[in-house]
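Have a look at the structure below, then the notes.
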Amino acid sequence: MTFKRLIPSLCALALGGLVVTQAMAWGNTGHRLIGMLAVDALPAELPAFLHGKEAVRAIGELAREPDRWKGAGKIHDTDRDPAHFLDLGDDGKILGGPLLTDLQPTRADYEKALQAAGTNSWQAGYLQYSIIDGYQQLVKDFGYWRVTAAAEKRSVGFRKRWYKADRLRREQLILRDLGEFAHYVGDGSQPLHATVHYNGWGDYPNPRGFTTDRIHGPFEGAFVAGSVTPTGAREAMRPFEDCGCPIEQRVIGYLTTTQSQVEPLYSLWKDGGFKDKDPRGEVFATARVAAGASELRDLTVLAWRESATTKVGWPAVSVADVEAGKADPWEAMLGAD
């Protein structure tokens, strides 16, 4: 499916993003665009079920899902809401606590570091871990798919039917997990989701006189819906990049780059760049949506490639060995008790 043929679908779905709330990241339009553009740009090396209009539309819709969960209940919301943001200070510290560049190896370690600074992850957010978690889940998902697909081709009878059924289940699961992953990667390209100045400059030194108004919702919702087009965002996407680094390092770099766009955003707001379809604001918002789509495309490709070297099932079996015909994954996939 060519992108030109996809444009009408993207435009029609983007219209659904006009009604937003300040609690939503990017609004419906931004998240849809990021998910759809990223999947539409996936290279041919990824499985066929991730190509074509149905996959593109599915990820566009599922990319909105973590916002649609909101209101499920107090326990649910208080635990999951901080997954969408990271209150990163101008000094690179997270609410005066650990530096983002000193990423703690686990959420538990992160919580301890924040508590030592008098705060916690419910206040500071944990977007960096949401993205890393989603990536690692996708690697595992792809690993299972590789094994079931390879085993299906080599099997007959009942086993072949079981592998086929499991592969199809895996494809649905991957779409769901990729959609959720798309949301958090998208959050990571929105500057107001990577800063303590998330909704007005706040009670911080403000020598440039940036606004203290609540600008979060108006920027990521109505402005994006009215100014960012599928064609413009696609053209602003950068080429594929592989840093050759661990996912933890890549996520730090991604969020640091996003945080660097906080002051430019506030400067544009102060100068009227987000009023009356000002082209300066359109270019800025388009670039940020494109950054999210580019990163989602890249991380999906990298997760697929990394899955070739992982292990799955119990007892664990090497994906590479199964694909090479060196190992029978039946016991590992069916599950030994």
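Following the order of the structure tokens, chains are lettered A, B, ..., residues in each are numbered from 1, and ligands are numbered from 1.
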| said: Set the distance at 9 Å and use only C-alpha atoms: which residues neighbour Lys70 (chain A) once local chain neighbours fewer than 3 positions away are removed? I'd like the list as a list in words. | reply: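 Result of the neighbour search: Ala23, Pro66, Asp67, Gly73, His76, Asp77, Arg80 and Asp81 of chain A.
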| Test item: residues at most 9 Å from region 125-130 of chain A, only C-alpha atoms, excluding those fewer than 4 positions along its chain, as a VMD selection string | chain A and resid 81 to 87 94 100 103 106 to 107 110 120 to 121 134 to 135 181 184 to 185 187 to 188 193 to 194 248 251 to 252 255
| Which residue gives the smallest distance to Gln259 (chain A) among A:Thr119, A:Ser189, A:Gln172, A:Ser227, with only C-alpha atoms counted? | A:Ser189
| So which one's closest to Lys326 (chain A), A:Ile247, A:Ala117, A:Leu88, A:Ala150? Using only C-alpha atoms, please. |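 Looking at the shortest contact to Lys326 (chain A), the residue is A:Ala150.
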| message | Restricting the calculation to only C-alpha atoms: of A:Ala320, A:Gly292, A:Gln249, A:Ala151, which residue gets closest to Asp166 (chain A)? | response |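 Once distances to Asp166 (chain A) are computed over only C-alpha atoms, the minimum belongs to A:Ala151.
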| task | Name the residues in contact with region 301-318 of chain A at a cut-off of 8 Å, using only C-alpha atoms, excluding same-chain residues fewer than 2 positions from it; report them as a list in words. | result |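 Selected residues are Leu42, Pro43, Leu46, Tyr135, Gln136, Leu138, Val139, Lys140, Phe142, Gly143, Tyr144, Arg146, Asp242, Arg297, Asp298, Leu299, Ala320, Asp321, Val322, Ala327, Pro329, Glu331, Ala332, Met333, Gly335 and Ala336 of chain A.
Interatomic distance, CA of Arg280 (chain A) against CA of Leu37 (chain A): 22.2 Å.
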| query | By how many Å are CA of Ile131 (chain A) and CA of Asp177 (chain A) apart? | reply |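 Interatomic distance, CA of Ile131 (chain A) to CA of Asp177 (chain A): 11.7 Å.
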| task | If you run DSSP over the backbone, which residues in region 6-107 of chain A end up helix (DSSP H, G or I)? Put them as a PyMOL selection string. | result | chain A and resi 6-17+27-40+48-50+53-62+65-68+74-84+107
| message | Restricting the calculation to only C-alpha atoms: of A:Ile132, A:Ile75, A:Leu50, A:Ala41, which residue gets closest to Pro246 (chain A)? | response |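 Of the candidates, the smallest distance to Pro246 (chain A) is held by A:Ile132.
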